[in-house]
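Undergrad: Input structure: protein.cif, which contains mmCIF, C-alpha atoms and all ligand atoms.
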```
data_entry
loop_
_atom_site.label_atom_id
_atom_site.label_comp_id
_atom_site.auth_asym_id
_atom_site.auth_seq_id
_atom_site.Cartn_x
_atom_site.Cartn_y
_atom_site.Cartn_z
CA MET A 1 123.69 97.46 113.60
CA ILE A 2 121.99 95.95 116.64
CA THR A 3 118.21 96.17 116.39
CA GLU A 4 116.54 96.61 119.76
CA ARG A 5 113.13 94.99 120.18
CA VAL A 6 110.69 96.54 122.64
CA LYS A 7 107.42 94.85 123.58
CA ILE A 8 104.50 97.11 124.50
CA GLU A 9 101.88 95.11 126.41
CA GLU A 10 99.06 97.52 127.08
CA ALA A 11 98.07 98.93 123.71
CA LYS A 12 95.22 101.15 124.94
CA GLU A 13 97.49 103.11 127.27
CA PRO A 14 101.01 102.48 126.02
CA ASP A 15 103.93 102.67 128.45
CA LEU A 16 105.38 106.07 127.59
CA ASN A 17 108.70 105.30 129.28
CA LYS A 18 109.26 102.45 126.85
CA LEU A 19 108.27 104.60 123.85
CA GLU A 20 110.46 107.53 124.89
CA LYS A 21 113.62 105.87 123.63
CA GLY A 22 112.02 105.19 120.23
CA ALA A 23 110.87 108.80 120.06
CA ARG A 24 114.41 109.99 120.80
CA ILE A 25 115.82 107.75 118.05
CA LEU A 26 113.34 109.30 115.60
CA ARG A 27 114.25 112.85 116.67
CA GLU A 28 117.94 112.05 116.24
CA GLY A 29 117.51 110.75 112.69
CA GLY A 30 117.30 106.98 113.32
CA LEU A 31 114.82 104.30 112.18
CA VAL A 32 112.07 102.80 114.35
CA ALA A 33 109.48 100.26 113.17
CA PHE A 34 106.12 100.50 114.93
CA PRO A 35 102.60 99.07 114.69
CA THR A 36 99.73 100.98 113.11
CA GLU A 37 96.17 99.74 112.60
CA THR A 38 96.94 98.93 108.92
CA VAL A 39 100.42 97.32 108.78
CA TYR A 40 103.74 97.87 110.60
CA GLY A 41 105.49 101.07 109.52
CA LEU A 42 109.20 101.88 109.25
CA GLY A 43 109.51 105.35 110.74
CA ALA A 44 111.97 108.23 110.36
CA ASN A 45 111.71 112.01 110.84
CA ALA A 46 109.79 113.16 107.74
CA LEU A 47 111.47 116.58 107.81
CA ASP A 48 115.01 115.14 107.82
CA GLU A 49 116.17 114.20 104.33
CA GLN A 50 119.09 112.13 105.63
CA ALA A 51 116.77 110.10 107.86
CA ALA A 52 114.40 109.49 104.95
CA LYS A 53 117.36 108.23 102.90
CA LYS A 54 117.96 105.58 105.55
CA ILE A 55 114.41 104.25 105.02
CA TYR A 56 115.07 103.77 101.31
CA ALA A 57 118.35 102.00 102.07
CA ALA A 58 116.86 99.65 104.72
CA LYS A 59 113.94 98.68 102.46
CA GLY A 60 115.84 98.65 99.19
CA ARG A 61 113.08 100.94 97.96
CA PRO A 62 113.41 102.96 94.71
CA SER A 63 113.97 106.60 95.69
CA ASP A 64 111.15 107.94 93.49
CA ASN A 65 108.56 106.00 95.50
CA PRO A 66 107.40 108.62 98.05
CA LEU A 67 106.74 108.15 101.77
CA ILE A 68 103.63 108.87 103.82
CA ALA A 69 104.08 111.41 106.67
CA HIS A 70 102.29 110.24 109.83
CA ILE A 71 101.01 112.77 112.35
CA ALA A 72 99.44 112.54 115.82
CA ASP A 73 97.41 115.76 116.00
CA PHE A 74 95.30 117.70 113.51
CA HIS A 75 97.34 120.92 113.74
CA GLN A 76 100.44 119.13 112.42
CA VAL A 77 98.94 118.84 108.95
CA ASP A 78 98.94 122.64 108.57
CA THR A 79 102.74 122.80 108.61
CA LEU A 80 103.12 120.09 105.94
CA VAL A 81 100.70 121.32 103.28
CA LYS A 82 100.10 124.48 101.23
CA GLU A 83 96.37 124.37 101.70
CA ILE A 84 93.62 121.99 102.73
CA PRO A 85 90.93 121.83 100.03
CA LYS A 86 87.32 121.70 101.29
CA GLU A 87 86.77 118.05 100.34
CA GLY A 88 90.11 117.07 101.89
CA ARG A 89 88.99 118.64 105.15
CA ARG A 90 85.72 116.73 105.12
CA LEU A 91 87.54 113.45 104.60
CA MET A 92 90.00 114.28 107.41
CA GLU A 93 87.16 115.06 109.78
CA ALA A 94 85.31 111.88 108.88
CA PHE A 95 88.18 109.37 108.90
CA TRP A 96 91.11 110.71 110.95
CA PRO A 97 92.52 109.18 113.01
CA GLY A 98 92.22 106.11 110.80
CA PRO A 99 93.34 104.18 107.72
CA LEU A 100 93.12 107.09 105.25
CA THR A 101 96.07 108.89 103.61
CA LEU A 102 95.44 112.18 101.82
CA ILE A 103 97.65 113.79 99.17
CA PHE A 104 98.05 117.58 99.37
CA ASP A 105 100.33 120.15 97.74
CA LYS A 106 103.39 120.17 99.98
CA SER A 107 104.74 123.10 102.00
CA GLU A 108 108.35 124.31 101.84
CA ILE A 109 109.45 122.42 104.94
CA VAL A 110 108.77 118.96 103.48
CA PRO A 111 111.98 117.81 101.78
CA TYR A 112 111.90 116.26 98.31
CA GLY A 113 113.78 113.35 99.85
CA THR A 114 110.50 112.39 101.58
CA THR A 115 108.18 112.99 98.62
CA GLY A 116 110.29 111.22 96.01
CA GLY A 117 110.82 114.54 94.23
CA LEU A 118 107.08 115.37 94.04
CA ASP A 119 105.47 118.73 94.91
CA THR A 120 102.77 116.85 96.82
CA VAL A 121 102.90 115.19 100.22
CA ALA A 122 100.97 112.19 101.57
CA VAL A 123 99.69 112.63 105.16
CA ARG A 124 97.93 110.20 107.52
CA MET A 125 96.89 110.29 111.16
CA PRO A 126 96.89 106.67 112.38
CA ARG A 127 94.39 105.46 114.98
CA ASP A 128 96.66 102.94 116.68
CA PRO A 129 97.43 104.18 120.23
CA ILE A 130 101.09 103.08 120.12
CA ALA A 131 101.67 104.82 116.78
CA ARG A 132 100.03 108.02 117.97
CA ALA A 133 101.86 108.08 121.30
CA LEU A 134 105.20 107.50 119.57
CA ILE A 135 104.62 110.24 116.97
CA ARG A 136 103.44 112.66 119.63
CA LEU A 137 106.49 111.96 121.82
CA ALA A 138 108.84 112.32 118.85
CA GLY A 139 107.40 115.78 118.21
CA VAL A 140 107.97 115.50 114.45
CA PRO A 141 105.92 114.08 111.57
CA VAL A 142 107.06 110.51 110.95
CA ALA A 143 107.61 109.23 107.41
CA ALA A 144 106.67 105.57 107.48
CA PRO A 145 106.24 103.18 104.58
CA SER A 146 105.46 99.56 105.34
CA ALA A 147 108.34 97.98 107.30
CA ASN A 148 109.14 95.24 104.77
CA VAL A 149 111.97 94.77 102.30
CA SER A 150 110.73 96.34 99.06
CA GLY A 151 108.67 93.86 97.03
CA ARG A 152 107.84 91.54 99.96
CA PRO A 153 104.39 91.32 101.55
CA SER A 154 103.81 94.07 104.13
CA PRO A 155 104.40 93.08 107.77
CA THR A 156 101.40 92.55 110.02
CA THR A 157 103.34 91.26 113.06
CA ALA A 158 106.60 92.32 114.74
CA ASP A 159 108.08 88.94 113.73
CA HIS A 160 107.51 89.82 110.06
CA VAL A 161 109.37 93.09 110.63
CA TRP A 162 112.15 91.23 112.43
CA GLN A 163 112.58 88.85 109.47
CA ASP A 164 113.05 91.76 107.07
CA MET A 165 114.71 94.46 109.18
CA ASN A 166 116.82 92.86 111.91
CA GLY A 167 120.29 94.43 111.78
CA LYS A 168 119.17 97.25 109.47
CA ILE A 169 117.23 99.56 111.81
CA ASP A 170 117.59 100.88 115.37
CA MET A 171 114.42 99.59 117.00
CA ILE A 172 111.29 97.50 116.50
CA ILE A 173 108.31 98.28 118.73
CA ASP A 174 106.27 95.11 119.09
CA GLY A 175 102.62 95.93 119.74
CA GLY A 176 101.26 92.53 118.68
CA PRO A 177 99.45 91.75 115.43
CA VAL A 178 97.85 94.71 113.59
CA GLY A 179 94.07 95.01 113.21
CA ILE A 180 93.27 95.71 109.56
CA GLY A 181 96.13 94.05 107.72
CA VAL A 182 96.17 96.00 104.44
CA GLU A 183 97.70 99.45 103.84
CA SER A 184 95.74 102.69 104.14
CA THR A 185 93.40 104.01 101.47
CA ILE A 186 95.12 106.83 99.53
CA ILE A 187 92.97 109.69 98.18
CA ASP A 188 94.54 112.52 96.18
CA VAL A 189 92.80 115.79 97.06
CA SER A 190 95.43 118.02 95.41
CA GLY A 191 93.74 118.06 91.99
CA ASP A 192 90.35 119.30 90.74
CA GLU A 193 88.61 116.02 91.56
CA PRO A 194 89.43 113.77 94.52
CA MET A 195 90.74 110.43 93.28
CA ILE A 196 91.42 107.10 95.00
CA LEU A 197 95.01 106.05 94.29
CA ARG A 198 95.00 102.95 96.49
CA PRO A 199 91.95 101.14 97.94
CA GLY A 200 91.95 100.31 101.66
CA ALA A 201 89.72 99.96 104.69
CA VAL A 202 88.15 103.38 104.07
CA THR A 203 86.23 102.11 101.07
CA GLN A 204 85.15 103.94 97.91
CA GLU A 205 81.56 103.74 99.21
CA MET A 206 82.46 105.23 102.61
CA ALA A 207 84.45 108.15 101.16
CA SER A 208 81.84 108.83 98.46
CA GLU A 209 79.12 108.99 101.09
CA VAL A 210 80.99 111.65 103.06
CA LEU A 211 81.49 113.83 99.95
CA GLY A 212 77.97 113.23 98.67
CA ARG A 213 79.22 112.07 95.27
CA LYS A 214 81.05 109.13 93.80
CA ILE A 215 84.85 109.35 94.08
CA GLY A 216 86.73 107.95 91.10
CA LEU A 217 89.42 105.29 91.13
CA ASP A 218 92.74 105.88 89.43
CA PRO A 219 92.78 103.82 86.19
CA ALA A 220 95.87 101.98 87.42
CA ILE A 221 93.71 100.34 90.13
CA THR A 222 90.95 99.18 87.84
CA GLY A 223 93.37 98.21 85.06
CA THR A 224 94.10 94.59 84.38
CA GLY A 225 97.85 94.94 83.86
CA PRO A 226 100.83 96.60 85.53
CA VAL A 227 101.51 100.28 84.98
CA ARG A 228 103.97 100.58 82.11
CA GLY A 229 107.20 102.55 82.47
CA ASP A 230 105.97 105.21 80.04
CA MET A 231 102.73 105.83 81.97
CA ARG A 232 102.99 108.38 84.77
CA PRO A 233 101.11 106.87 87.69
CA LYS A 234 99.71 109.26 90.29
CA ALA A 235 100.95 107.09 93.15
CA PRO A 236 104.47 106.24 92.01
CA GLY A 237 104.33 103.04 94.06
CA MET A 238 101.83 101.68 91.56
CA LYS A 239 104.46 101.03 88.95
CA TYR A 240 106.47 98.66 91.12
CA ARG A 241 105.60 95.02 91.69
CA HIS A 242 104.39 95.02 95.27
CA TYR A 243 103.33 92.50 97.83
CA ALA A 244 105.05 89.67 96.02
CA PRO A 245 105.47 86.22 97.53
CA LYS A 246 108.51 84.18 96.41
CA ALA A 247 106.29 81.55 94.81
CA SER A 248 104.38 81.94 91.57
CA LEU A 249 100.83 82.84 92.66
CA THR A 250 97.82 82.23 90.42
CA LEU A 251 94.30 83.51 91.18
CA VAL A 252 91.46 81.31 90.00
CA GLU A 253 88.16 83.05 89.24
CA GLY A 254 84.67 81.77 88.56
CA GLN A 255 81.80 79.81 90.10
CA MET A 256 82.88 78.25 93.40
CA GLU A 257 82.47 74.63 92.22
CA ASP A 258 84.55 75.31 89.08
CA VAL A 259 87.19 77.11 91.12
CA ILE A 260 87.56 74.24 93.59
CA TRP A 261 87.82 71.75 90.73
CA ALA A 262 90.38 73.88 88.85
CA ILE A 263 92.57 74.50 91.89
CA ASN A 264 92.61 70.79 92.74
CA GLN A 265 93.66 70.00 89.15
CA LEU A 266 96.37 72.65 89.04
CA ALA A 267 97.77 71.69 92.44
CA LYS A 268 97.81 67.99 91.53
CA GLU A 269 99.77 68.72 88.37
CA LYS A 270 102.46 70.78 90.16
CA LEU A 271 102.71 68.29 93.04
CA GLY A 272 103.16 65.51 90.47
CA GLN A 273 106.11 67.44 89.05
CA GLY A 274 107.68 67.56 92.51
CA PHE A 275 107.01 71.23 93.32
CA VAL A 276 106.15 72.56 96.77
CA THR A 277 102.57 73.61 96.15
CA GLY A 278 100.15 75.67 98.21
CA ILE A 279 96.44 76.41 98.10
CA ILE A 280 94.77 79.53 99.50
CA CYS A 281 91.12 78.91 100.32
CA THR A 282 88.53 80.06 102.85
CA ASP A 283 86.95 78.55 105.97
CA GLU A 284 83.92 77.67 103.85
CA THR A 285 85.93 75.61 101.32
CA ARG A 286 88.78 74.28 103.49
CA ASP A 287 87.50 70.70 103.44
CA ARG A 288 87.32 70.56 99.66
CA TYR A 289 91.09 70.48 99.20
CA SER A 290 93.19 67.49 100.18
CA GLN A 291 96.59 67.90 98.52
CA GLY A 292 99.51 70.23 98.99
CA ILE A 293 99.73 72.85 101.74
CA VAL A 294 96.22 74.19 102.28
CA ARG A 295 95.68 77.46 104.17
CA SER A 296 92.42 79.23 104.84
CA ILE A 297 92.76 83.00 104.56
CA GLY A 298 89.57 83.68 106.52
CA SER A 299 85.80 83.53 106.14
CA ARG A 300 83.84 84.80 103.15
CA LYS A 301 81.19 85.88 105.65
CA TRP A 302 83.66 88.28 107.25
CA GLU A 303 85.91 89.98 104.71
CA GLU A 304 87.83 91.77 107.49
CA SER A 305 89.29 88.37 108.39
CA ILE A 306 90.58 87.94 104.84
CA ALA A 307 92.31 91.37 104.85
CA HIS A 308 93.71 90.61 108.30
CA ASN A 309 95.30 87.28 107.28
CA LEU A 310 96.32 88.05 103.70
CA TYR A 311 99.98 89.05 104.10
CA GLY A 312 100.61 86.55 106.90
CA VAL A 313 99.47 83.67 104.67
CA LEU A 314 101.66 84.87 101.79
CA ARG A 315 104.65 85.12 104.13
CA GLU A 316 103.96 81.65 105.53
CA PHE A 317 104.21 80.21 102.02
CA ASP A 318 107.55 82.04 101.63
CA ASP A 319 108.79 80.37 104.82
CA LEU A 320 107.66 76.98 103.50
CA ASN A 321 109.55 77.63 100.24
CA ALA A 322 106.47 77.17 98.11
CA ASP A 323 107.08 77.10 94.35
CA TYR A 324 103.45 77.47 93.28
CA ILE A 325 100.38 78.84 95.06
CA PHE A 326 96.83 78.63 93.71
CA SER A 327 94.27 80.87 95.32
CA GLU A 328 90.54 81.36 95.23
CA SER A 329 89.59 84.93 94.31
CA PHE A 330 87.27 87.28 96.16
CA SER A 331 84.49 89.77 95.61
CA ARG A 332 85.65 93.30 94.73
CA GLU A 333 82.87 94.93 96.74
CA ASN A 334 83.67 97.21 99.69
CA LEU A 335 86.81 95.99 101.49
CA GLY A 336 87.08 93.37 98.72
CA GLN A 337 88.38 96.12 96.43
CA ALA A 338 91.48 96.49 98.63
CA ILE A 339 91.85 92.72 99.09
CA MET A 340 91.70 91.96 95.37
CA ASN A 341 93.99 94.92 94.54
CA ARG A 342 96.70 93.34 96.75
CA MET A 343 96.02 89.77 95.60
CA VAL A 344 96.14 90.65 91.90
CA LYS A 345 99.43 92.51 92.37
CA ALA A 346 100.89 89.66 94.42
CA ALA A 347 99.94 87.36 91.56
CA GLY A 348 101.69 89.64 89.06
CA TYR A 349 98.26 89.86 87.28
CA HIS A 350 98.27 86.08 86.73
CA MET A 351 94.60 84.99 86.73
CA ILE A 352 92.80 81.96 85.36
CA LYS A 353 89.08 81.55 84.63
CA ALA A 354 88.09 78.19 86.08
CA GLU A 355 85.29 77.76 83.59
CA ASP A 356 87.65 78.15 80.60
CA MET A 357 89.92 75.52 82.07
CA ARG A 358 87.07 73.10 82.58
CA LYS A 359 85.83 73.62 79.02
CA GLY A 360 89.36 73.14 77.71
CA ILE A 361 89.71 69.80 79.43
CA GLU A 362 86.22 68.56 78.62
CA LYS A 363 86.59 69.32 74.91
P1 LIG B 1 103.81 102.24 101.50
O1 LIG B 1 103.79 103.16 102.66
O2 LIG B 1 105.06 101.47 101.31
O3 LIG B 1 102.61 101.36 101.50
O4 LIG B 1 103.71 103.16 100.20
C1 LIG B 1 103.23 104.47 100.23
C2 LIG B 1 102.38 104.72 99.03
O5 LIG B 1 101.97 106.09 99.05
C3 LIG B 1 103.10 104.47 97.71
O6 LIG B 1 102.25 103.78 96.82
C4 LIG B 1 103.37 105.88 97.24
O7 LIG B 1 103.50 105.94 95.86
C5 LIG B 1 102.16 106.66 97.77
N1 LIG B 1 102.46 108.09 97.93
C6 LIG B 1 103.20 108.66 98.87
N2 LIG B 1 103.32 109.99 98.67
C7 LIG B 1 102.62 110.27 97.55
C8 LIG B 1 102.38 111.46 96.81
N3 LIG B 1 102.88 112.64 97.17
N4 LIG B 1 101.63 111.36 95.69
C9 LIG B 1 101.12 110.17 95.33
N5 LIG B 1 101.34 109.02 95.98
C10 LIG B 1 102.07 109.05 97.08
MG MG B 2 104.64 99.15 101.12
#
```
The structure given in the file should be rewritten as structure tokens.
TA:
Amino acid sequence: MITERVKIEEAKEPDLNKLEKGARILREGGLVAFPTETVYGLGANALDEQAAKKIYAAKGRPSDNPLIAHIADFHQVDTLVKEIPKEGRRLMEAFWPGPLTLIFDKSEIVPYGTTGGLDTVAVRMPRDPIARALIRLAGVPVAAPSANVSGRPSPTTADHVWQDMNGKIDMIIDGGPVGIGVESTIIDVSGDEPMILRPGAVTQEMASEVLGRKIGLDPAITGTGPVRGDMRPKAPGMKYRHYAPKASLTLVEGQMEDVIWAINQLAKEKLGQGFVTGIICTDETRDRYSQGIVRSIGSRKWEESIAHNLYGVLREFDDLNADYIFSESFSRENLGQAIMNRMVKAAGYHMIKAEDMRKGIEK
């Protein structure tokens, strides 16, 4: 398949003529990758089971991992869901359009091929002007998981999408780098209590403030290990290893001085053994590392920068064929909850306490 690449220059008022072809492809059951404010999505008509199947094939995604339906206008949600619970409506009004996905009981028209066999449906109204214009032109809700090959870091530029999807999909709409850089927050409002299934840029604090009470986190997020096959995760995606770089990634936790010392030790050891070795640090600590491939992921004073660069840095280490990556870890406050959720998964839960290592060596 030839993948057409379309560049949209003016993001605030996208060129509708250019988007019209993408919208037609979506209506006719094809696949179009497009930018959203979180990450690039791989879109298909959410009401067309055959089109949804093509998404799973292009990504190599397990078919029980459901898709998020993206809409452009509030009234579209009514057709997709059985009912909108009161707290769901308050969250919609506060954060749509934006990086929040809500889980509702699904209506009849949503095929099980889109929901991975579930009786619930995930819905989001993105804020990105290109995404909204495309969905509106298509005239159908657009199922769109992240536009990466399953298991790879999510794409935050059109080049990332190109690397993973060239030849597999009909079109890539290039709207430049995305803003946020991590996937949407997912809140399940289909049960008795709203529950965060995936942290994102709409933080636990922000959502709790709107509802006037603290929203809980699914145990799979706070847990320290992967969801086992016999556990039934609420967001089926949780049970798969996500966001994985090709290299072995280790997160080093602790006091900054210990962390810097430990990472330098670990990197030196792997370099000595002849491995391609990378270090993920921050602007504040960049000068403290001198060996291996050192990349700053952003500034600790501005956690948005860390979310924004996270997947790009992981992909860069893939391109450099890194064998080992050692990374500083980050606060789990606010947006840090989403950042650390992705980092810990990318590391396959492989974490080291710098202090323990230091004690071990000094003994
Ligand atoms: P992605 O778009 O690739 O970032 O993944 C979409 C995420 O939404 C996955 O983790 C899914 O498991 C989750 N999701 C989609 N639909 C539902 C649903 N009906 N119930 C729970 N989680 C869902
Ligand atoms: Mg994904």
Undergrad: Find the spatial neighbours of A:Val81, counting only C-alpha atoms, within a cut-off of 8 Å - ignore same-chain residues fewer than 2 positions away - and output them as a PDB file with C-alpha atoms, keeping the file's coordinate frame.
TA:
```pdb
ATOM      1  CA  VAL A  77      98.940 118.840 108.950  1.00  0.00           C
ATOM      2  CA  ASP A  78      98.940 122.640 108.570  1.00  0.00           C
ATOM      3  CA  THR A  79     102.740 122.800 108.610  1.00  0.00           C
ATOM      4  CA  GLU A  83      96.370 124.370 101.700  1.00  0.00           C
ATOM      5  CA  ILE A  84      93.620 121.990 102.730  1.00  0.00           C
ATOM      6  CA  PHE A 104      98.050 117.580  99.370  1.00  0.00           C
ATOM      7  CA  ASP A 105     100.330 120.150  97.740  1.00  0.00           C
ATOM      8  CA  LYS A 106     103.390 120.170  99.980  1.00  0.00           C
ATOM      9  CA  SER A 107     104.740 123.100 102.000  1.00  0.00           C
ATOM     10  CA  VAL A 121     102.900 115.190 100.220  1.00  0.00           C
TER      11      VAL A 121
END
```
Undergrad: Considering only C-alpha atoms, state which residue in the set A:Ile297, A:Ala143, A:Val123, A:Val161 is at the smallest distance from A:Ala51.
TA: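 Looking only at the distances to A:Ala51, the closest residue turns out to be A:Ala143.
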Undergrad: Would you mind telling me which residue in A:Glu284, A:Glu269, A:Glu49, A:Asp128 lies nearest to A:Tyr324 when using all atoms listed in the file?
TA: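 Looking only at the distances to A:Tyr324, the closest residue turns out to be A:Glu269.
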Undergrad: Using all atoms listed in the file, which protein or nucleic acid residues are at most 6 Å from ligand MG 2 (chain B), as a ChimeraX atom specification?
TA: /A:145-146,154
Undergrad: Any residue with an atom at most 8 Å from ligand LIG 1 (chain B) counts, using all atoms listed in the file. Which are they? Put them as a PyMOL selection string.
TA: chain A and resi 41+65-68+101+103-105+115-116+118-123+144-147+150+154+183-184+186+188+197-198+234-238
Undergrad: List as JSON, numbers by chain the protein and nucleic acid residues near A:Ile260, meaning an atom at most 10 Å away when all atoms listed in the file are counted, but skip any in the same chain fewer than 5 places from it.
TA: {"A": [252, 253, 254, 255, 265, 281, 285, 286, 288, 289, 327, 328, 354]}
Undergrad: Quick one: of A:Met195, A:Glu28, A:Asp73, A:Met343, who's nearest to A:Pro219, counting all atoms listed in the file?
TA: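 Nearest candidate to A:Pro219 out of A:Met195, A:Glu28, A:Asp73, A:Met343: A:Met195.
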Undergrad: Using Å and a single decimal, report how far atom CA of A:Arg124 sits from atom CA of A:Pro85.
TA: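 Here the two named atoms are 15.5 Å from each other.
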Undergrad: So which residues touch A:Glu333 within 10 Å, counting only C-alpha atoms, skipping near sequence neighbours fewer than 3 positions away, as a tab-separated table (two decimals) with C-alpha atoms, in the frame of the given file?
TA:
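The resulting file, around-v4.tsv, is shown below:
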```
chain	number	residue	atom	x	y	z
A	203	THR	CA	86.23	102.11	101.07
A	204	GLN	CA	85.15	103.94	97.91
A	205	GLU	CA	81.56	103.74	99.21
A	303	GLU	CA	85.91	89.98	104.71
A	330	PHE	CA	87.27	87.28	96.16
A	336	GLY	CA	87.08	93.37	98.72
A	337	GLN	CA	88.38	96.12	96.43
A	338	ALA	CA	91.48	96.49	98.63
A	339	ILE	CA	91.85	92.72	99.09
A	340	MET	CA	91.70	91.96	95.37
```
Undergrad: Just to confirm, what's the straight-line distance from atom CA of A:Phe34 to atom CA of A:Trp302 in Å (one decimal)?
TA: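 Result for atom CA of A:Phe34 versus atom CA of A:Trp302: 26.7 Å, one decimal.
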Undergrad: Would you kindly return, as a PDB file with C-alpha atoms, in the frame of the given file, each protein, DNA or RNA residue with an atom no farther than 9 Å from any atom of A:Gly30, considering all atoms listed in the file and excluding same-chain residues fewer than 3 positions away?
TA:
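Contents of selection_5.pdb, as written:
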```pdb
ATOM      1  CA  GLY A  22     112.020 105.190 120.230  1.00  0.00           C
ATOM      2  CA  ARG A  24     114.410 109.990 120.800  1.00  0.00           C
ATOM      3  CA  ILE A  25     115.820 107.750 118.050  1.00  0.00           C
ATOM      4  CA  LEU A  26     113.340 109.300 115.600  1.00  0.00           C
ATOM      5  CA  ARG A  27     114.250 112.850 116.670  1.00  0.00           C
ATOM      6  CA  GLY A  43     109.510 105.350 110.740  1.00  0.00           C
ATOM      7  CA  ALA A  44     111.970 108.230 110.360  1.00  0.00           C
ATOM      8  CA  ASN A  45     111.710 112.010 110.840  1.00  0.00           C
ATOM      9  CA  ALA A  51     116.770 110.100 107.860  1.00  0.00           C
ATOM     10  CA  LYS A  54     117.960 105.580 105.550  1.00  0.00           C
ATOM     11  CA  ILE A 169     117.230  99.560 111.810  1.00  0.00           C
ATOM     12  CA  ASP A 170     117.590 100.880 115.370  1.00  0.00           C
ATOM     13  CA  MET A 171     114.420  99.590 117.000  1.00  0.00           C
TER      14      MET A 171
END
```
Undergrad: I'd like the interatomic distance between atom CA of A:Ile2 and atom CA of A:Ala58, to a tenth of an Å.
TA: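 The value is 13.5 Å.
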Undergrad: Which one is closest to A:Val142: A:Thr3, A:Thr114, A:Ser296, A:Thr38? Count all atoms listed in the file.
TA: A:Thr114
